[in-house]
Amino acid sequence: MRTRPRLLLWLIPTLVLVSALVCFGIRYRTLWPWLVVVHEDGRRTLLGAGARRQAS
């Protein structure tokens, strides 16, 4: 019975993250949500929002 708490420790967060990704995909009608613009400046995508801005 020791594996059951360990399984729940991994299963619950995984289900939460997967369901959030599915909801995000449904909301923006895409199977690949990484290219959706999410930042208030209107230029940064989901992947680019966490990246630091380089000095130009």
# chains A, B, ... in the order shown; residues from 1 in each chain; ligands from 1
>>> residues_around(residues="range 18-35 of chain A", least_positions_apart="3", cutoff="12 Å", atoms="only C-alpha atoms", output="number ranges by chain")
A: 11-15, 38-39, 42-50
>>> select_by_dssp(residues="range 16-56 of chain A", states="helix (DSSP H, G or I)", output="ChimeraX atom specification")
/A:16-28,33-35
>>> decode(residues="range 30-43 of chain A", atoms="N, CA and C atoms", output="PDB file, in the first residue's frame")
ATOM      1  N   THR A  30      -6.700  25.785 -30.317  1.00  0.00           N
ATOM      2  CA  THR A  30      -5.464  25.320 -30.919  1.00  0.00           C
ATOM      3  C   THR A  30      -4.961  24.074 -30.191  1.00  0.00           C
ATOM      4  N   LEU A  31      -4.311  23.209 -30.936  1.00  0.00           N
ATOM      5  CA  LEU A  31      -3.682  22.043 -30.335  1.00  0.00           C
ATOM      6  C   LEU A  31      -2.236  22.347 -29.956  1.00  0.00           C
ATOM      7  N   TRP A  32      -1.712  23.466 -30.420  1.00  0.00           N
ATOM      8  CA  TRP A  32      -0.337  23.859 -30.156  1.00  0.00           C
ATOM      9  C   TRP A  32      -0.347  25.260 -29.532  1.00  0.00           C
ATOM     10  N   PRO A  33      -0.601  25.380 -28.219  1.00  0.00           N
ATOM     11  CA  PRO A  33      -0.821  26.696 -27.600  1.00  0.00           C
ATOM     12  C   PRO A  33       0.449  27.514 -27.368  1.00  0.00           C
ATOM     13  N   TRP A  34       1.618  26.991 -27.720  1.00  0.00           N
ATOM     14  CA  TRP A  34       2.862  27.697 -27.427  1.00  0.00           C
ATOM     15  C   TRP A  34       3.000  28.989 -28.225  1.00  0.00           C
ATOM     16  N   LEU A  35       2.279  29.112 -29.346  1.00  0.00           N
ATOM     17  CA  LEU A  35       2.412  30.286 -30.198  1.00  0.00           C
ATOM     18  C   LEU A  35       1.320  31.323 -29.957  1.00  0.00           C
ATOM     19  N   VAL A  36       0.479  31.120 -28.954  1.00  0.00           N
ATOM     20  CA  VAL A  36      -0.591  32.062 -28.628  1.00  0.00           C
ATOM     21  C   VAL A  36       0.002  33.265 -27.896  1.00  0.00           C
ATOM     22  N   VAL A  37      -0.377  34.469 -28.320  1.00  0.00           N
ATOM     23  CA  VAL A  37       0.104  35.685 -27.676  1.00  0.00           C
ATOM     24  C   VAL A  37      -0.570  35.822 -26.316  1.00  0.00           C
ATOM     25  N   VAL A  38       0.243  35.921 -25.260  1.00  0.00           N
ATOM     26  CA  VAL A  38      -0.307  35.956 -23.913  1.00  0.00           C
ATOM     27  C   VAL A  38       0.126  37.180 -23.113  1.00  0.00           C
ATOM     28  N   HIS A  39       1.040  37.961 -23.628  1.00  0.00           N
ATOM     29  CA  HIS A  39       1.559  39.092 -22.861  1.00  0.00           C
ATOM     30  C   HIS A  39       0.811  40.359 -23.238  1.00  0.00           C
ATOM     31  N   GLU A  40       0.742  41.297 -22.313  1.00  0.00           N
ATOM     32  CA  GLU A  40      -0.029  42.516 -22.568  1.00  0.00           C
ATOM     33  C   GLU A  40       0.574  43.406 -23.643  1.00  0.00           C
ATOM     34  N   ASP A  41       1.851  43.214 -23.990  1.00  0.00           N
ATOM     35  CA  ASP A  41       2.432  44.030 -25.055  1.00  0.00           C
ATOM     36  C   ASP A  41       2.009  43.545 -26.441  1.00  0.00           C
ATOM     37  N   GLY A  42       1.358  42.368 -26.514  1.00  0.00           N
ATOM     38  CA  GLY A  42       0.829  41.867 -27.767  1.00  0.00           C
ATOM     39  C   GLY A  42       1.860  41.228 -28.671  1.00  0.00           C
ATOM     40  N   ARG A  43       3.064  41.011 -28.174  1.00  0.00           N
ATOM     41  CA  ARG A  43       4.117  40.434 -29.015  1.00  0.00           C
ATOM     42  C   ARG A  43       4.662  39.125 -28.472  1.00  0.00           C
TER      43      ARG A  43
END
